[in-house]
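Q: I am sharing upload.cif, which consists of mmCIF, C-alpha atoms:
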```cif
data_input
loop_
_atom_site.label_atom_id
_atom_site.label_comp_id
_atom_site.auth_asym_id
_atom_site.auth_seq_id
_atom_site.Cartn_x
_atom_site.Cartn_y
_atom_site.Cartn_z
CA MET C 10 99.95 -20.18 109.71
CA ASN C 11 97.97 -22.22 112.21
CA ASN C 12 97.44 -19.26 114.53
CA THR C 13 93.85 -18.49 113.39
CA PRO C 14 91.48 -18.88 116.39
CA ASP C 15 88.75 -21.46 116.31
CA LEU C 16 85.50 -19.37 116.20
CA LEU C 17 83.22 -22.25 116.94
CA SER C 18 84.66 -23.01 120.33
CA PRO C 19 83.49 -20.81 123.28
CA VAL C 20 85.94 -18.23 124.40
CA VAL C 21 85.23 -18.60 128.10
CA THR C 22 83.93 -21.80 129.47
CA PRO C 23 82.84 -21.44 133.11
CA ASP C 24 83.17 -24.58 135.00
CA SER C 25 80.08 -26.41 136.18
CA ASN C 26 80.76 -25.44 139.75
CA GLN C 27 80.32 -21.75 138.97
CA LEU C 28 77.15 -22.42 136.98
CA ALA C 29 75.62 -24.42 139.78
CA GLN C 30 76.41 -21.62 142.20
CA ALA C 31 74.76 -19.07 139.91
CA VAL C 32 71.65 -21.21 139.54
CA GLU C 33 71.47 -21.68 143.29
CA THR C 34 71.76 -17.91 143.86
CA LEU C 35 68.98 -17.26 141.36
CA ARG C 36 66.79 -19.90 142.97
CA ARG C 37 67.29 -18.32 146.37
CA GLN C 38 66.51 -14.84 145.05
CA PHE C 39 63.38 -16.13 143.34
CA GLN C 40 62.22 -17.85 146.50
CA THR C 41 62.80 -14.68 148.52
CA THR C 42 60.84 -12.64 145.99
CA LEU C 43 57.97 -15.14 146.12
CA ILE C 44 57.90 -15.04 149.91
CA ILE C 45 57.86 -11.22 149.92
CA LEU C 46 55.02 -11.24 147.38
CA ILE C 47 53.05 -13.72 149.47
CA ILE C 48 53.47 -11.54 152.55
CA LEU C 49 52.34 -8.45 150.65
CA SER C 50 49.41 -10.27 149.12
CA GLY C 51 48.44 -11.59 152.52
CA ALA C 52 48.47 -8.10 153.98
CA ILE C 53 46.24 -6.85 151.15
CA ASN C 54 43.93 -9.80 151.72
CA LEU C 55 43.70 -9.03 155.42
CA TYR C 56 42.85 -5.38 154.73
CA LEU C 57 40.23 -6.32 152.12
CA LEU C 58 38.73 -8.92 154.42
CA ARG C 59 38.38 -6.39 157.25
CA GLN C 60 36.85 -3.88 154.86
CA PHE C 61 34.46 -6.49 153.52
CA THR C 62 33.38 -7.56 157.01
CA THR C 63 32.77 -3.96 158.08
CA LEU C 64 30.80 -3.14 154.95
CA ARG C 65 28.69 -6.27 155.25
CA LYS C 66 27.85 -5.49 158.87
CA GLU C 67 26.98 -1.87 158.07
CA ILE C 68 24.73 -2.85 155.19
CA ALA C 69 23.04 -5.52 157.27
CA VAL C 70 22.10 -2.77 159.74
CA VAL C 71 21.23 0.00 157.26
CA GLU C 72 19.35 -1.99 154.62
CA PRO C 73 16.29 -2.91 156.75
CA GLN C 74 16.10 0.68 158.03
CA VAL C 75 16.12 2.14 154.52
CA LYS C 76 13.62 -0.46 153.32
CA LYS C 77 11.28 0.39 156.18
CA MET C 78 11.76 4.07 155.51
CA ALA C 79 10.98 3.56 151.82
CA SER C 80 7.88 1.52 152.55
CA ASP C 81 6.67 4.13 155.05
CA PHE C 82 7.38 6.85 152.51
CA GLU C 83 5.40 5.07 149.79
CA ARG C 84 2.56 4.17 152.17
CA VAL C 85 2.16 7.45 154.06
CA THR C 86 4.16 10.35 152.69
CA ARG C 87 3.65 9.92 148.96
CA PRO C 88 -0.18 9.77 148.99
CA LEU C 89 -0.23 12.72 151.39
CA MET C 90 2.21 14.63 149.21
CA ASN C 91 0.25 13.91 146.02
CA SER C 92 -3.01 14.93 147.66
CA PHE C 93 -1.46 18.11 149.08
CA LEU C 94 0.09 19.05 145.75
CA LYS C 95 -3.12 18.38 143.85
CA GLN C 96 -5.11 20.55 146.22
CA LEU C 97 -2.48 23.30 146.04
CA THR C 98 -2.37 23.27 142.23
CA ASP C 99 -6.16 23.33 142.12
CA TYR C 100 -6.09 26.24 144.55
CA ALA C 101 -3.51 28.06 142.40
CA GLN C 102 -5.93 27.92 139.46
CA THR C 103 -8.37 30.18 141.27
CA HIS C 104 -5.79 32.19 143.24
CA PRO C 105 -3.00 33.48 140.98
CA ASP C 106 -1.26 35.10 143.95
CA PHE C 107 -0.39 31.59 145.19
CA ARG C 108 1.40 30.66 141.96
CA PRO C 109 4.76 32.27 142.85
CA LEU C 110 4.92 30.06 145.92
CA LEU C 111 4.43 26.95 143.78
CA ALA C 112 6.92 28.29 141.26
CA LYS C 113 9.47 28.61 144.05
CA TYR C 114 9.27 24.82 144.49
CA ASN C 115 9.27 24.22 140.74
CA ILE C 116 5.71 22.90 140.86
CA GLN C 117 3.81 23.53 137.67
CA SER C 118 0.23 24.55 138.25
CA THR C 119 -1.47 22.68 135.43
CA PRO C 120 -5.04 23.52 134.43
CA ALA C 121 -7.73 22.02 136.66
CA SER C 122 -9.00 19.88 133.79
CA ALA C 123 -5.69 18.04 133.68
CA GLY C 124 -6.58 16.59 137.05
CA THR C 125 -3.11 15.71 138.32
CA ALA C 126 -0.57 17.71 140.15
CA THR C 127 3.05 17.63 139.22
CA PRO C 128 4.86 15.95 142.08
CA ILE C 129 7.69 17.69 143.85
CA PRO C 130 10.94 16.80 142.22
CA ALA C 131 13.65 15.96 144.73
CA PRO C 132 16.01 18.89 144.36
CA ALA C 133 19.71 18.52 144.88
CA THR C 134 19.74 21.38 147.37
CA PRO C 135 17.06 22.40 149.82
CA PRO C 136 15.05 25.49 149.04
CA PRO C 137 16.14 28.77 150.57
CA ALA C 138 15.19 29.51 154.13
CA ILE C 139 11.70 30.78 154.65
CA PRO C 140 11.68 34.48 155.42
CA ALA C 141 10.25 35.39 158.78
CA PRO C 142 6.76 36.85 158.55
CA LYS C 143 6.60 40.60 159.10
CA MET M 14 63.71 -32.88 146.08
CA ASN M 15 62.93 -30.38 148.79
CA LYS M 16 64.45 -27.50 146.82
CA ASN M 17 62.50 -28.48 143.72
CA LEU M 18 59.20 -28.51 145.61
CA ALA M 19 59.56 -25.17 147.38
CA ILE M 20 59.11 -22.95 144.36
CA PRO M 21 55.95 -24.61 142.96
CA ILE M 22 54.42 -24.52 146.45
CA LEU M 23 55.24 -20.83 146.86
CA ILE M 24 53.84 -20.05 143.40
CA THR M 25 50.62 -21.91 144.24
CA VAL M 26 50.24 -20.05 147.52
CA LEU M 27 50.81 -16.74 145.74
CA LEU M 28 48.26 -17.64 143.08
CA VAL M 29 45.63 -18.54 145.69
CA SER M 30 46.33 -15.35 147.59
CA ALA M 31 46.07 -13.22 144.44
CA LEU M 32 42.80 -14.88 143.46
CA SER M 33 41.33 -14.35 146.91
CA ALA M 34 42.39 -10.67 146.77
CA LEU M 35 40.61 -10.39 143.43
CA ALA M 36 37.43 -11.97 144.82
CA LEU M 37 37.51 -9.78 147.93
CA THR M 38 37.98 -6.66 145.80
CA TYR M 39 34.96 -7.64 143.69
CA PHE M 40 32.76 -8.19 146.77
CA ASN M 41 33.98 -4.94 148.32
CA ILE M 42 33.00 -3.03 145.18
CA GLN M 43 29.57 -4.69 145.14
CA TYR M 44 28.91 -3.89 148.80
CA SER M 45 30.17 -0.32 148.39
CA ARG M 46 27.78 0.19 145.48
CA LYS M 47 24.91 -1.22 147.51
CA GLY M 48 25.77 1.06 150.42
CA ARG M 49 25.92 4.12 148.19
CA SER M 50 22.60 3.18 146.59
CA LEU M 51 20.98 2.87 150.04
CA GLN M 52 22.47 6.19 151.09
CA PHE M 53 21.15 7.83 147.94
CA GLN M 54 17.66 6.41 148.53
CA ALA M 55 17.58 7.66 152.10
CA ALA M 56 18.88 11.09 151.08
CA ALA M 57 16.28 11.40 148.31
CA MET M 58 13.45 10.57 150.72
CA ASN M 59 14.74 12.97 153.36
CA ASN M 60 15.13 15.67 150.75
CA THR M 61 11.57 15.22 149.51
CA ARG M 62 10.28 15.35 153.08
CA MET M 63 12.29 18.49 153.75
CA VAL M 64 10.94 20.21 150.63
CA LEU M 65 7.41 19.17 151.49
CA ASP M 66 7.84 20.46 155.02
CA SER M 67 9.15 23.76 153.71
CA LEU M 68 6.22 24.05 151.29
CA ALA M 69 3.80 23.35 154.13
CA LYS M 70 5.42 26.08 156.24
CA ASP M 71 5.28 28.56 153.38
CA THR M 72 1.64 27.66 152.81
CA LEU M 73 0.93 28.22 156.50
CA ILE M 74 2.55 31.65 156.25
CA TYR M 75 0.51 32.36 153.15
CA SER M 76 -2.64 31.32 155.00
CA GLN M 77 -2.12 34.20 157.43
CA THR M 78 -2.89 36.65 154.66
CA ASN M 79 -5.31 34.52 152.66
CA ARG M 80 -7.75 32.40 154.61
CA ALA M 81 -9.16 30.72 151.53
CA ILE M 82 -6.41 28.13 151.67
CA ASP M 83 -7.34 27.09 155.22
CA PRO M 84 -9.64 24.20 154.20
CA ILE M 85 -6.74 22.54 152.42
CA LEU M 86 -4.45 22.91 155.42
CA ILE M 87 -7.15 21.76 157.82
CA SER M 88 -7.98 18.72 155.69
CA LEU M 89 -4.37 17.63 155.83
CA GLY M 90 -4.07 18.35 159.54
CA LEU M 91 -1.54 21.12 159.06
CA LYS M 92 -3.79 23.62 160.79
CA SER M 93 -6.43 23.17 163.44
CA SER M 94 -9.86 24.38 162.51
CA ASN M 95 -10.77 26.01 165.86
CA ALA M 96 -7.44 27.59 166.83
CA PRO M 97 -5.94 29.38 163.87
CA ALA M 98 -3.74 31.54 166.08
CA ALA M 99 -1.90 28.47 167.34
CA THR M 100 -0.25 27.88 163.99
CA ARG M 101 0.79 31.47 163.60
CA PRO M 102 4.56 31.69 164.00
CA ALA M 103 6.05 34.18 166.39
CA THR M 104 6.71 37.45 164.66
CA ARG M 105 9.19 38.88 167.09
#
```
Can you present the structure in this file as structure tokens?

A:
Amino acid sequence: MNNTPDLLSPVVTPDSNQLAQAVETLRRQFQTTLIILIILSGAINLYLLRQFTTLRKEIAVVEPQVKKMASDFERVTRPLMNSFLKQLTDYAQTHPDFRPLLAKYNIQSTPASAGTATPIPAPATPPPAIPAPK
Amino acid sequence: MNKNLAIPILITVLLVSALSALALTYFNIQYSRKGRSLQFQAAAMNNTRMVLDSLAKDTLIYSQTNRAIDPILISLGLKSSNAPAATRPATR
């Protein structure tokens, strides 16, 4: 009659020694994982730092060159280009045989009264090679 | 005591390392963008120069058959006024 098991009491009760061992093992595993993660993170940091240093050095060299190039372009090339294009478009008004050449460079020959030439758009690819004169 | 301190220290080191990786990644992206922008600027200017150069050459070739364009070329220094033959490209 009194053989019914007591459901409230735990079936297996590990002793505190075993529990302490399990906790210690987990702690060690966690520490090892943390150390591995720190090593990996450090390696990534080193790589990123090297990359950053290289990029910074390259930009420090290239940036003044490009700025100088841009200022030269705006100071010298652009006025020359605008003047050249304006004269060519004006010329194309009186010489229709010149218009195909402008059309090849996608330059619209506006009427002379408009007064401004359409600047050369920077194409993605260079124009085809110039055929050799016959 | 020592065992209890090790894990918080390791977690702090990992956190600092992760944050520095994040910051370095951000700066790398910024510098890469800047570099690409500079490259694009330089390429655009070179391209424009190349197209302009090609147009000038074509105009010079055109000037061999139509002398009316010579004043434009001379005014821009693309052709000399007294030696027109000098600008003529070799035909053979």

Q: Please provide as a PyMOL selection string all residues within 12 Å of Pro84 of chain M, with the sequence filter that same-chain residues fewer than 3 positions apart are discarded (counting all atoms listed in the file).

A: (chain C and resi 93+96-97+100) or (chain M and resi 72-73+76+79-81+87-95+97)

Q: How would you write, as an NGL selection string, the residues chosen by the PyMOL selection byres ((chain M) within 7 of (chain C)) on this structure?

A: :M and (20 or 23-24 or 27 or 30-31 or 34 or 37-38 or 41 or 44 or 48 or 51 or 55 or 57 or 60-61 or 64 or 71 or 85 or 104)

Q: What is the distance between atom CA of Pro73 of chain C and atom CA of Tyr39 of chain M, in Å to one decimal?

A: 23.3 Å

Q: Restricting the calculation to only C-alpha atoms, which member of C:Lys66, C:Gln38, C:Gln117, C:Lys77 is positioned closest to Lys95 of chain C?

A: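 Of C:Lys66, C:Gln38, C:Gln117, C:Lys77, the one nearest Lys95 of chain C, counting only C-alpha atoms, is C:Gln117.
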
Q: To one decimal place in Å, what is the distance between atom CA of Thr98 of chain C and atom CA of Ile74 of chain M?

A: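 Computing it gives 17.1 Å between the two atoms.
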
Q: How many Å lie between atom CA of Asp83 of chain M and atom CA of Pro109 of chain C, rounded to one decimal?

A: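 Separating atom CA of Asp83 of chain M from atom CA of Pro109 of chain C is a distance of 18.1 Å.
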
Q: Please determine an axis-aligned box that encloses all atoms of segment 16-31 of chain M listed in the file, with 4 Å added on each side, and express its centre and edge lengths in Å to one decimal as lines of an AutoDock Vina configuration file.

A:
```
center_x = 55.0
center_y = -20.9
center_z = 145.3
size_x = 26.8
size_y = 23.3
size_z = 12.6
```
